>>> print(open('target_7.cif').read())   # mmCIF, C-alpha atoms
data_data
#
loop_
_atom_site.group_PDB
_atom_site.id
_atom_site.type_symbol
_atom_site.label_atom_id
_atom_site.label_comp_id
_atom_site.auth_asym_id
_atom_site.auth_seq_id
_atom_site.Cartn_x
_atom_site.Cartn_y
_atom_site.Cartn_z
ATOM 1 C CA MET A 1 51.381 37.999 -4.834
ATOM 2 C CA LYS A 2 53.975 38.378 -2.128
ATOM 3 C CA ILE A 3 55.779 41.087 -4.097
ATOM 4 C CA SER A 4 52.484 42.898 -4.597
ATOM 5 C CA GLN A 5 51.712 42.725 -0.885
ATOM 6 C CA PHE A 6 55.206 43.944 -0.043
ATOM 7 C CA LEU A 7 54.896 46.909 -2.365
ATOM 8 C CA SER A 8 51.499 47.778 -0.894
ATOM 9 C CA LEU A 9 52.872 47.692 2.640
ATOM 10 C CA PHE A 10 55.891 49.744 1.542
ATOM 11 C CA PHE A 11 53.645 52.360 -0.063
ATOM 12 C CA ILE A 12 51.504 52.626 3.085
ATOM 13 C CA ALA A 13 54.578 52.947 5.315
ATOM 14 C CA PHE A 14 56.083 55.594 3.015
ATOM 15 C CA THR A 15 52.836 57.550 3.002
ATOM 16 C CA VAL A 16 52.597 57.475 6.796
ATOM 17 C CA PHE A 17 56.232 58.529 7.138
ATOM 18 C CA SER A 18 55.820 61.383 4.650
ATOM 19 C CA PHE A 19 52.672 62.606 6.401
ATOM 20 C CA THR A 20 54.392 62.476 9.795
ATOM 21 C CA ALA A 21 57.439 64.320 8.444
ATOM 22 C CA CYS A 22 55.239 67.026 6.945
ATOM 23 C CA GLU A 23 53.352 67.391 10.200
ATOM 24 C CA SER A 24 56.654 67.615 12.084
ATOM 25 C CA SER A 25 57.871 70.264 9.641
ATOM 26 C CA ARG A 26 54.696 72.238 10.139
ATOM 27 C CA ASP A 27 55.106 71.902 13.915
ATOM 28 C CA ASP A 28 58.646 73.339 13.644
ATOM 29 C CA GLU A 29 57.227 76.368 11.860
ATOM 30 C CA ASN A 30 54.212 76.682 14.132
ATOM 31 C CA PRO A 31 53.318 80.383 14.074
ATOM 32 C CA GLN A 32 51.789 80.003 17.521
ATOM 33 C CA ASP A 33 55.182 79.087 19.012
ATOM 34 C CA THR A 34 56.486 82.306 20.559
ATOM 35 C CA THR A 35 59.413 80.742 22.420
ATOM 36 C CA PRO A 36 62.320 83.211 22.154
ATOM 37 C CA GLY A 37 65.585 82.230 20.520
ATOM 38 C CA LYS A 38 69.147 83.451 20.256
ATOM 39 C CA LEU A 39 71.243 85.573 17.911
ATOM 40 C CA GLN A 40 74.997 85.964 17.599
ATOM 41 C CA ILE A 41 76.847 89.053 16.393
ATOM 42 C CA LYS A 42 80.420 88.697 15.163
ATOM 43 C CA PHE A 43 82.665 91.755 14.942
ATOM 44 C CA GLU A 44 85.753 91.519 12.756
ATOM 45 C CA ASN A 45 88.097 94.509 12.791
ATOM 46 C CA GLY A 46 90.177 95.155 9.706
ATOM 47 C CA PHE A 47 91.466 97.685 7.184
ATOM 48 C CA ASN A 48 89.600 98.350 3.921
ATOM 49 C CA ASN A 49 87.203 95.496 4.751
ATOM 50 C CA VAL A 50 90.017 92.957 4.972
ATOM 51 C CA GLY A 51 89.637 91.568 8.471
ATOM 52 C CA ASP A 52 91.776 90.320 11.309
ATOM 53 C CA ILE A 53 93.973 93.182 12.474
ATOM 54 C CA VAL A 54 96.969 91.810 14.374
ATOM 55 C CA LEU A 55 97.851 94.156 17.212
ATOM 56 C CA ASN A 56 101.323 95.691 16.987
ATOM 57 C CA GLN A 57 101.789 94.207 13.509
ATOM 58 C CA THR A 58 99.203 95.105 10.875
ATOM 59 C CA VAL A 59 100.152 98.444 9.293
ATOM 60 C CA GLN A 60 97.809 100.698 7.334
ATOM 61 C CA THR A 61 98.651 103.731 5.211
ATOM 62 C CA SER A 62 96.148 106.580 5.519
ATOM 63 C CA ALA A 63 94.778 108.766 2.738
ATOM 64 C CA ASN A 64 97.417 111.346 3.699
ATOM 65 C CA GLY A 65 100.209 108.794 3.407
ATOM 66 C CA GLN A 66 100.683 108.289 7.131
ATOM 67 C CA LYS A 67 101.442 104.780 8.355
ATOM 68 C CA HIS A 68 99.919 103.521 11.594
ATOM 69 C CA ASN A 69 99.176 100.374 13.551
ATOM 70 C CA PHE A 70 97.264 99.543 16.715
ATOM 71 C CA SER A 71 98.534 98.192 20.016
ATOM 72 C CA ALA A 72 95.078 98.615 21.582
ATOM 73 C CA LEU A 73 91.748 98.559 19.735
ATOM 74 C CA LYS A 74 88.584 98.548 21.852
ATOM 75 C CA TYR A 75 85.073 99.983 21.632
ATOM 76 C CA VAL A 76 81.760 99.770 23.460
ATOM 77 C CA ILE A 77 78.627 98.427 21.749
ATOM 78 C CA SER A 78 75.247 98.998 23.440
ATOM 79 C CA ASN A 79 71.514 99.450 22.811
ATOM 80 C CA ILE A 80 71.293 96.706 20.182
ATOM 81 C CA ALA A 81 67.976 96.640 18.321
ATOM 82 C CA LEU A 82 66.692 94.193 15.706
ATOM 83 C CA ILE A 83 64.190 95.435 13.142
ATOM 84 C CA ASP A 84 61.807 93.022 11.430
ATOM 85 C CA GLU A 85 60.247 92.983 7.957
ATOM 86 C CA ASN A 86 57.424 95.275 9.068
ATOM 87 C CA GLY A 87 59.657 97.830 10.761
ATOM 88 C CA ASN A 88 58.910 96.592 14.290
ATOM 89 C CA GLU A 89 61.840 96.750 16.699
ATOM 90 C CA PHE A 90 63.110 94.419 19.390
ATOM 91 C CA LYS A 91 65.318 96.418 21.743
ATOM 92 C CA TYR A 92 67.843 94.302 23.608
ATOM 93 C CA ASN A 93 68.097 95.610 27.186
ATOM 94 C CA GLU A 94 67.883 99.207 26.042
ATOM 95 C CA ASN A 95 69.822 101.654 28.250
ATOM 96 C CA ASN A 96 70.733 98.792 30.591
ATOM 97 C CA PRO A 97 74.532 98.450 30.327
ATOM 98 C CA ASP A 98 74.701 95.596 32.831
ATOM 99 C CA LYS A 99 72.768 93.364 30.421
ATOM 100 C CA GLY A 100 72.969 95.122 27.074
ATOM 101 C CA ALA A 101 76.439 96.653 26.687
ATOM 102 C CA PHE A 102 79.556 94.867 25.414
ATOM 103 C CA ILE A 103 83.227 95.676 24.942
ATOM 104 C CA VAL A 104 84.712 94.634 21.605
ATOM 105 C CA ASP A 105 88.409 94.176 22.346
ATOM 106 C CA GLN A 106 90.710 93.075 19.542
ATOM 107 C CA ALA A 107 92.927 91.404 22.146
ATOM 108 C CA ASP A 108 90.042 88.985 22.814
ATOM 109 C CA ALA A 109 89.477 88.115 19.158
ATOM 110 C CA VAL A 110 89.404 84.431 18.220
ATOM 111 C CA ALA A 111 90.688 84.005 14.669
ATOM 112 C CA GLY A 112 90.104 87.731 14.247
ATOM 113 C CA ILE A 113 86.516 87.712 15.513
ATOM 114 C CA VAL A 114 84.881 88.962 18.738
ATOM 115 C CA TYR A 115 81.570 87.243 19.523
ATOM 116 C CA LEU A 116 78.507 88.789 21.175
ATOM 117 C CA ASN A 117 75.698 86.391 22.104
ATOM 118 C CA LEU A 118 72.136 87.586 22.662
ATOM 119 C CA ASP A 119 69.521 85.493 24.489
ATOM 120 C CA GLY A 120 65.771 85.944 24.703
ATOM 121 C CA VAL A 121 65.359 87.230 21.148
ATOM 122 C CA PRO A 122 61.746 86.956 19.924
ATOM 123 C CA LYS A 123 61.083 84.546 17.074
ATOM 124 C CA ASN A 124 60.959 86.700 13.947
ATOM 125 C CA ASN A 125 62.503 87.551 10.584
ATOM 126 C CA TYR A 126 64.875 90.488 11.021
ATOM 127 C CA LYS A 127 66.024 92.745 8.182
ATOM 128 C CA LYS A 128 68.086 95.403 9.993
ATOM 129 C CA ILE A 129 70.249 95.826 13.061
ATOM 130 C CA ARG A 130 70.935 99.012 15.037
ATOM 131 C CA PHE A 131 73.444 99.520 17.835
ATOM 132 C CA GLY A 132 75.109 102.290 19.774
ATOM 133 C CA LEU A 133 78.817 103.088 19.685
ATOM 134 C CA GLY A 134 79.485 104.078 23.286
ATOM 135 C CA VAL A 135 77.028 104.501 26.166
ATOM 136 C CA SER A 136 73.984 106.757 25.862
ATOM 137 C CA GLN A 137 73.513 109.697 28.183
ATOM 138 C CA LYS A 138 70.231 108.165 29.353
ATOM 139 C CA ALA A 139 72.041 105.021 30.481
ATOM 140 C CA TYR A 140 74.970 106.882 32.038
ATOM 141 C CA LEU A 141 72.679 109.203 34.005
ATOM 142 C CA LEU A 142 71.032 106.217 35.686
ATOM 143 C CA GLY A 143 74.034 106.444 37.991
ATOM 144 C CA GLN A 144 76.641 103.950 39.067
ATOM 145 C CA ASP A 145 74.129 101.774 40.932
ATOM 146 C CA GLY A 146 72.198 101.238 37.704
ATOM 147 C CA GLN A 147 75.202 99.794 35.868
ATOM 148 C CA ALA A 148 77.557 98.484 38.515
ATOM 149 C CA GLU A 149 78.415 95.252 36.674
ATOM 150 C CA PHE A 150 79.288 96.901 33.387
ATOM 151 C CA TRP A 151 81.159 99.692 35.147
ATOM 152 C CA THR A 152 83.347 97.041 36.796
ATOM 153 C CA LYS A 153 83.979 95.370 33.430
ATOM 154 C CA ALA A 154 84.799 98.711 31.859
ATOM 155 C CA LYS A 155 87.306 99.526 34.612
ATOM 156 C CA GLN A 156 88.953 96.123 34.180
ATOM 157 C CA LYS A 157 89.231 96.725 30.435
ATOM 158 C CA GLY A 158 90.507 100.273 30.836
ATOM 159 C CA MET A 159 87.317 101.637 29.267
ATOM 160 C CA SER A 160 86.370 104.117 31.991
ATOM 161 C CA TRP A 161 87.629 107.304 33.559
ATOM 162 C CA SER A 162 86.462 108.473 36.983
ATOM 163 C CA TRP A 163 82.746 108.011 37.516
ATOM 164 C CA ALA A 164 82.196 111.761 37.121
ATOM 165 C CA ALA A 165 83.819 111.615 33.680
ATOM 166 C CA GLY A 166 82.244 108.339 32.536
ATOM 167 C CA TYR A 167 83.182 105.748 29.961
ATOM 168 C CA VAL A 168 85.779 105.509 27.235
ATOM 169 C CA PHE A 169 83.753 104.773 24.095
ATOM 170 C CA VAL A 170 86.627 103.952 21.736
ATOM 171 C CA LYS A 171 90.241 103.320 22.697
ATOM 172 C CA LEU A 172 92.808 103.452 19.903
ATOM 173 C CA GLU A 173 96.498 103.238 20.718
ATOM 174 C CA GLY A 174 99.531 102.397 18.638
ATOM 175 C CA LYS A 175 102.260 103.995 16.584
ATOM 176 C CA TYR A 176 102.369 106.222 13.529
ATOM 177 C CA GLY A 177 104.941 107.759 11.206
ATOM 178 C CA THR A 178 105.786 108.737 7.648
ATOM 179 C CA ASP A 179 108.085 105.896 6.613
ATOM 180 C CA SER A 180 107.091 103.446 9.342
ATOM 181 C CA PRO A 181 105.083 103.533 12.599
ATOM 182 C CA SER A 182 107.550 104.744 15.237
ATOM 183 C CA LYS A 183 105.885 107.487 17.293
ATOM 184 C CA GLU A 184 103.241 106.546 19.839
ATOM 185 C CA PHE A 185 99.662 107.805 19.698
ATOM 186 C CA MET A 186 96.656 107.500 22.001
ATOM 187 C CA ASN A 187 93.147 108.591 21.009
ATOM 188 C CA HIS A 188 90.425 107.793 23.572
ATOM 189 C CA THR A 189 86.955 109.062 22.707
ATOM 190 C CA GLY A 190 84.102 109.430 25.194
ATOM 191 C CA ASN A 191 81.703 111.770 26.899
ATOM 192 C CA MET A 192 82.696 114.019 29.734
ATOM 193 C CA GLY A 193 80.013 113.159 32.283
ATOM 194 C CA ASN A 194 76.679 114.924 31.880
ATOM 195 C CA THR A 195 77.189 116.533 28.474
ATOM 196 C CA ALA A 196 74.289 118.994 28.828
ATOM 197 C CA ALA A 197 75.441 120.234 32.234
ATOM 198 C CA ASN A 198 79.095 120.354 31.165
ATOM 199 C CA ASN A 199 78.348 121.838 27.743
ATOM 200 C CA THR A 200 80.492 119.196 26.021
ATOM 201 C CA PRO A 201 79.822 117.209 22.829
ATOM 202 C CA ASP A 202 77.838 113.967 23.115
ATOM 203 C CA LEU A 203 79.939 111.363 21.296
ATOM 204 C CA TYR A 204 77.411 108.529 21.591
ATOM 205 C CA ARG A 205 76.333 107.439 18.095
ATOM 206 C CA GLU A 206 73.772 104.947 16.798
ATOM 207 C CA ILE A 207 74.361 102.972 13.600
ATOM 208 C CA THR A 208 71.680 101.184 11.538
ATOM 209 C CA LEU A 209 72.729 98.483 9.074
ATOM 210 C CA ASN A 210 70.734 96.496 6.526
ATOM 211 C CA LEU A 211 71.117 92.725 6.631
ATOM 212 C CA PRO A 212 71.943 91.231 3.205
ATOM 213 C CA THR A 213 70.071 88.078 4.231
ATOM 214 C CA THR A 214 67.107 87.921 6.593
ATOM 215 C CA ALA A 215 68.087 86.730 10.083
ATOM 216 C CA ARG A 216 65.449 84.108 10.947
ATOM 217 C CA VAL A 217 65.306 83.614 14.702
ATOM 218 C CA THR A 218 63.484 80.456 15.841
ATOM 219 C CA THR A 219 63.931 77.979 18.647
ATOM 220 C CA LYS A 220 66.063 75.904 16.264
ATOM 221 C CA ILE A 221 67.839 78.612 14.274
ATOM 222 C CA ARG A 222 70.372 80.945 15.875
ATOM 223 C CA PRO A 223 71.402 83.449 13.196
ATOM 224 C CA SER A 224 74.947 84.770 13.165
ATOM 225 C CA VAL A 225 75.400 88.342 11.898
ATOM 226 C CA HIS A 226 78.960 88.966 10.719
ATOM 227 C CA ILE A 227 79.915 92.657 10.910
ATOM 228 C CA LEU A 228 83.119 94.039 9.441
ATOM 229 C CA ALA A 229 84.588 97.162 11.032
ATOM 230 C CA ASP A 230 86.883 99.060 8.663
ATOM 231 C CA LEU A 231 89.362 100.885 10.907
ATOM 232 C CA ASN A 232 90.770 102.660 7.852
ATOM 233 C CA GLN A 233 87.936 105.099 8.594
ATOM 234 C CA PHE A 234 89.882 106.292 11.663
ATOM 235 C CA LEU A 235 92.120 108.597 9.606
ATOM 236 C CA SER A 236 90.668 108.187 6.118
ATOM 237 C CA GLY A 237 86.934 108.578 6.615
ATOM 238 C CA ASP A 238 84.583 111.423 5.728
ATOM 239 C CA ARG A 239 87.157 113.769 7.243
ATOM 240 C CA THR A 240 90.743 112.958 6.349
ATOM 241 C CA LEU A 241 92.841 113.242 9.508
ATOM 242 C CA THR A 242 96.556 113.368 10.220
ATOM 243 C CA LEU A 243 98.143 112.492 13.541
ATOM 244 C CA THR A 244 100.467 115.201 14.869
ATOM 245 C CA THR A 245 101.964 116.213 18.190
ATOM 246 C CA ALA A 246 98.859 118.355 18.680
ATOM 247 C CA ASN A 247 96.397 115.444 18.645
ATOM 248 C CA ASP A 248 98.305 112.186 19.083
ATOM 249 C CA MET A 249 97.749 112.056 22.857
ATOM 250 C CA LEU A 250 94.110 112.996 23.443
ATOM 251 C CA MET A 251 91.289 111.780 25.675
ATOM 252 C CA GLY A 252 87.704 112.991 25.799
ATOM 253 C CA SER A 253 85.622 114.899 23.293
ATOM 254 C CA ASN A 254 87.584 117.757 21.739
ATOM 255 C CA GLN A 255 87.123 118.536 18.032
ATOM 256 C CA HIS A 256 89.703 116.021 16.824
ATOM 257 C CA LEU A 257 87.952 113.247 18.768
ATOM 258 C CA VAL A 258 84.574 114.414 17.494
ATOM 259 C CA ASP A 259 85.996 113.999 13.968
ATOM 260 C CA VAL A 260 87.394 110.573 14.877
ATOM 261 C CA THR A 261 83.994 109.532 16.254
ATOM 262 C CA ASN A 262 82.153 110.690 13.135
ATOM 263 C CA ASN A 263 84.616 108.799 10.949
ATOM 264 C CA LEU A 264 84.309 105.590 12.980
ATOM 265 C CA THR A 265 80.526 105.733 12.856
ATOM 266 C CA LYS A 266 80.845 104.866 9.146
ATOM 267 C CA MET A 267 83.191 101.903 9.613
ATOM 268 C CA PHE A 268 80.589 99.155 10.099
ATOM 269 C CA LYS A 269 78.910 96.970 7.489
ATOM 270 C CA VAL A 270 77.205 93.574 7.611
ATOM 271 C CA ASP A 271 79.243 91.191 5.487
ATOM 272 C CA HIS A 272 76.857 88.222 5.694
ATOM 273 C CA VAL A 273 74.329 86.387 7.832
ATOM 274 C CA HIS A 274 74.321 82.665 8.654
ATOM 275 C CA ASN A 275 71.011 81.050 9.604
ATOM 276 C CA ASP A 276 72.284 77.911 11.366
#
>>> encode(input="target_7.cif", output="structure tokens")
Amino acid sequence: MKISQFLSLFFIAFTVFSFTACESSRDDENPQDTTPGKLQIKFENGFNNVGDIVLNQTVQTSANGQKHNFSALKYVISNIALIDENGNEFKYNENNPDKGAFIVDQADAVAGIVYLNLDGVPKNNYKKIRFGLGVSQKAYLLGQDGQAEFWTKAKQKGMSWSWAAGYVFVKLEGKYGTDSPSKEFMNHTGNMGNTAANNTPDLYREITLNLPTTARVTTKIRPSVHILADLNQFLSGDRTLTLTTANDMLMGSNQHLVDVTNNLTKMFKVDHVHND
């Protein structure tokens, strides 16, 4: 009799616990809960999708047989947008560099990775990510007062020219050569102020990437999107380039740097997504 009573009490307790757990689970997934969450983006720079470039050490051979390494590797990421399953977009501080622009600097990498952390991301299931390489003309033309904080960061990181000229979008420096990297190069891409007024190319580019796994943003899940940047595209992209004395020390937006920009636009891919 006692065993029977014990089993009855155990069954009741188990039922109550299971019901409570199910209710709690349903509460966690409450569709009415619109509390925003967070999302992390991890950039890992490498060659041929093998990450963790070591500045001044990692050597790559281009499609034309030229060897090169990097002593400086930096680029600006801005205008991040997340696109959900229905094609709706969440734009993270669009054209607001003070809050929505970041500098990916290989010198800051931790175990080869540079981390960008986004707050205030609406709860949703995201299937794509879009971001700008550089700073849009719309943002730049807001003037220095509209982006004073980011302008200061850019100056500190060596990612700006004079205000009239604007930002450096991508800074690549290092050495190159036939047998080994021995001759210095410097390619800095970026707009020259107001591109329409100056009749210069606009090197700002936007990249859209599919996520291999849905990024599920909730109050309890902060997805981490791991993006690989293949810097082999620098010289071995859609247009095969060779560094020479005519282009190894360039800043701005001439044709060589337009070609570099177009190549680098293709260097990004999402390797994986963690929903932790």
>>> closest_atom_pairs(input="target_7.cif", of="region 221-268 of chain A", to="region 59-72 of chain A", cutoff="9 Å", atoms="only C-alpha atoms", output="tab-separated table")
residue	atom	partner	partner_atom	distance
A:Asn232	CA	A:Ser62	CA	7.1
A:Gln233	CA	A:Ser62	CA	8.9
A:Phe234	CA	A:Ser62	CA	8.8
A:Leu235	CA	A:Ser62	CA	6.1
A:Ser236	CA	A:Ala63	CA	5.4
A:Gly237	CA	A:Ala63	CA	8.8
A:Thr240	CA	A:Ala63	CA	6.8
A:Leu241	CA	A:Asn64	CA	7.6
A:Thr242	CA	A:Asn64	CA	6.9
A:Leu243	CA	A:Gln66	CA	8.1
>>> write_last_selection(input="target_7.cif", atoms="C-alpha atoms", output="tab-separated table (two decimals), in the frame of the given file")
chain	number	residue	atom	x	y	z
A	232	ASN	CA	90.77	102.66	7.85
A	233	GLN	CA	87.94	105.10	8.59
A	234	PHE	CA	89.88	106.29	11.66
A	235	LEU	CA	92.12	108.60	9.61
A	236	SER	CA	90.67	108.19	6.12
A	237	GLY	CA	86.93	108.58	6.62
A	240	THR	CA	90.74	112.96	6.35
A	241	LEU	CA	92.84	113.24	9.51
A	242	THR	CA	96.56	113.37	10.22
A	243	LEU	CA	98.14	112.49	13.54
>>> resolve_selection(input="target_7.cif", expression="the PyMOL selection byres ((chain A and resi 202) around 12)", output="PyMOL selection string")
chain A and resi 133-138+140+166-167+169+189-201+203-206+252-255+257-258+261-262
>>> resolve_selection(input="target_7.cif", expression="the PyMOL selection byres ((chain A and resi 93) around 12)", output="list in words")
Ser78, Asn79, Ile80, Ala81, Leu82, Phe90, Lys91, Tyr92, Glu94, Asn95, Asn96, Pro97, Asp98, Lys99, Gly100, Ala101, Phe102, Leu118, Asp119, Gly120, Val121, Phe131, Ala139 and Gln147 of chain A
>>> closest_residue(input="target_7.cif", among="A:Leu264, A:Ile207, A:Leu141, A:Met186", to="Thr245 (chain A)", atoms="all atoms listed in the file")
A:Met186
>>> resolve_selection(input="target_7.cif", expression="the PyMOL selection byres ((chain A and resi 83) around 8)", output="JSON, numbers by chain")
{"A": [81, 82, 84, 85, 86, 87, 88, 89, 90, 126, 127, 128, 129, 130]}
>>> write_last_selection(input="target_7.cif", atoms="C-alpha atoms", output="PDB file, in the coordinates of the input")
ATOM      1  CA  ALA A  81      67.976  96.640  18.321  1.00  0.00           C
ATOM      2  CA  LEU A  82      66.692  94.193  15.706  1.00  0.00           C
ATOM      3  CA  ASP A  84      61.807  93.022  11.430  1.00  0.00           C
ATOM      4  CA  GLU A  85      60.247  92.983   7.957  1.00  0.00           C
ATOM      5  CA  ASN A  86      57.424  95.275   9.068  1.00  0.00           C
ATOM      6  CA  GLY A  87      59.657  97.830  10.761  1.00  0.00           C
ATOM      7  CA  ASN A  88      58.910  96.592  14.290  1.00  0.00           C
ATOM      8  CA  GLU A  89      61.840  96.750  16.699  1.00  0.00           C
ATOM      9  CA  PHE A  90      63.110  94.419  19.390  1.00  0.00           C
ATOM     10  CA  TYR A 126      64.875  90.488  11.021  1.00  0.00           C
ATOM     11  CA  LYS A 127      66.024  92.745   8.182  1.00  0.00           C
ATOM     12  CA  LYS A 128      68.086  95.403   9.993  1.00  0.00           C
ATOM     13  CA  ILE A 129      70.249  95.826  13.061  1.00  0.00           C
ATOM     14  CA  ARG A 130      70.935  99.012  15.037  1.00  0.00           C
TER      15      ARG A 130
END
>>> closest_residue(input="target_7.cif", among="A:Ala111, A:Leu55, A:Ala165, A:Met159", to="Tyr75 (chain A)", atoms="all atoms listed in the file")
A:Met159
>>> atom_distance(input="target_7.cif", atom1="CA of Asp105 (chain A)", atom2="CA of Lys269 (chain A)")
17.9 Å
>>> closest_residue(input="target_7.cif", among="A:Phe185, A:Trp163, A:Tyr115, A:Phe43", to="Trp151 (chain A)", atoms="only C-alpha atoms")
A:Trp163
>>> residues_near_point(input="target_7.cif", point="(67.7, 87.0, 10.4)", cutoff="8 Å", atoms="only C-alpha atoms", output="ChimeraX atom specification")
/A:124-127,211,213-217,223,225,273,275
>>> atom_distance(input="target_7.cif", atom1="CA of Lys157 (chain A)", atom2="CA of Ser180 (chain A)")
28.4 Å
>>> axis_aligned_box(input="target_7.cif", around="region 139-151 of chain A", padding_each_side="6 Å", output="AutoDock Vina command-line options")
--center_x 76.1 --center_y 102.2 --center_z 35.7 --size_x 22.1 --size_y 26.0 --size_z 22.5
>>> closest_residue(input="target_7.cif", among="A:Ala148, A:Ala164, A:Ala246, A:Ile221", to="Asn187 (chain A)", atoms="all atoms listed in the file")
A:Ala246
>>> atom_distance(input="target_7.cif", atom1="CA of Ile77 (chain A)", atom2="CA of Gly132 (chain A)")
5.6 Å
>>> residues_near_point(input="target_7.cif", point="(102.1, 104.1, 16.8)", cutoff="6 Å", atoms="all atoms listed in the file", output="tab-separated table (two decimals) with C-alpha atoms, keeping the file's coordinate frame")
chain	number	residue	atom	x	y	z
A	68	HIS	CA	99.92	103.52	11.59
A	69	ASN	CA	99.18	100.37	13.55
A	174	GLY	CA	99.53	102.40	18.64
A	175	LYS	CA	102.26	104.00	16.58
A	176	TYR	CA	102.37	106.22	13.53
A	181	PRO	CA	105.08	103.53	12.60
A	182	SER	CA	107.55	104.74	15.24
A	183	LYS	CA	105.88	107.49	17.29
A	184	GLU	CA	103.24	106.55	19.84
A	185	PHE	CA	99.66	107.80	19.70
>>> closest_residue(input="target_7.cif", among="A:Asn247, A:Gln106, A:Asn263, A:Thr218", to="Lys74 (chain A)", atoms="all atoms listed in the file")
A:Gln106
>>> closest_residue(input="target_7.cif", among="A:Glu44, A:Ala154, A:Asp145, A:Gly112", to="Val270 (chain A)", atoms="only C-alpha atoms")
A:Glu44
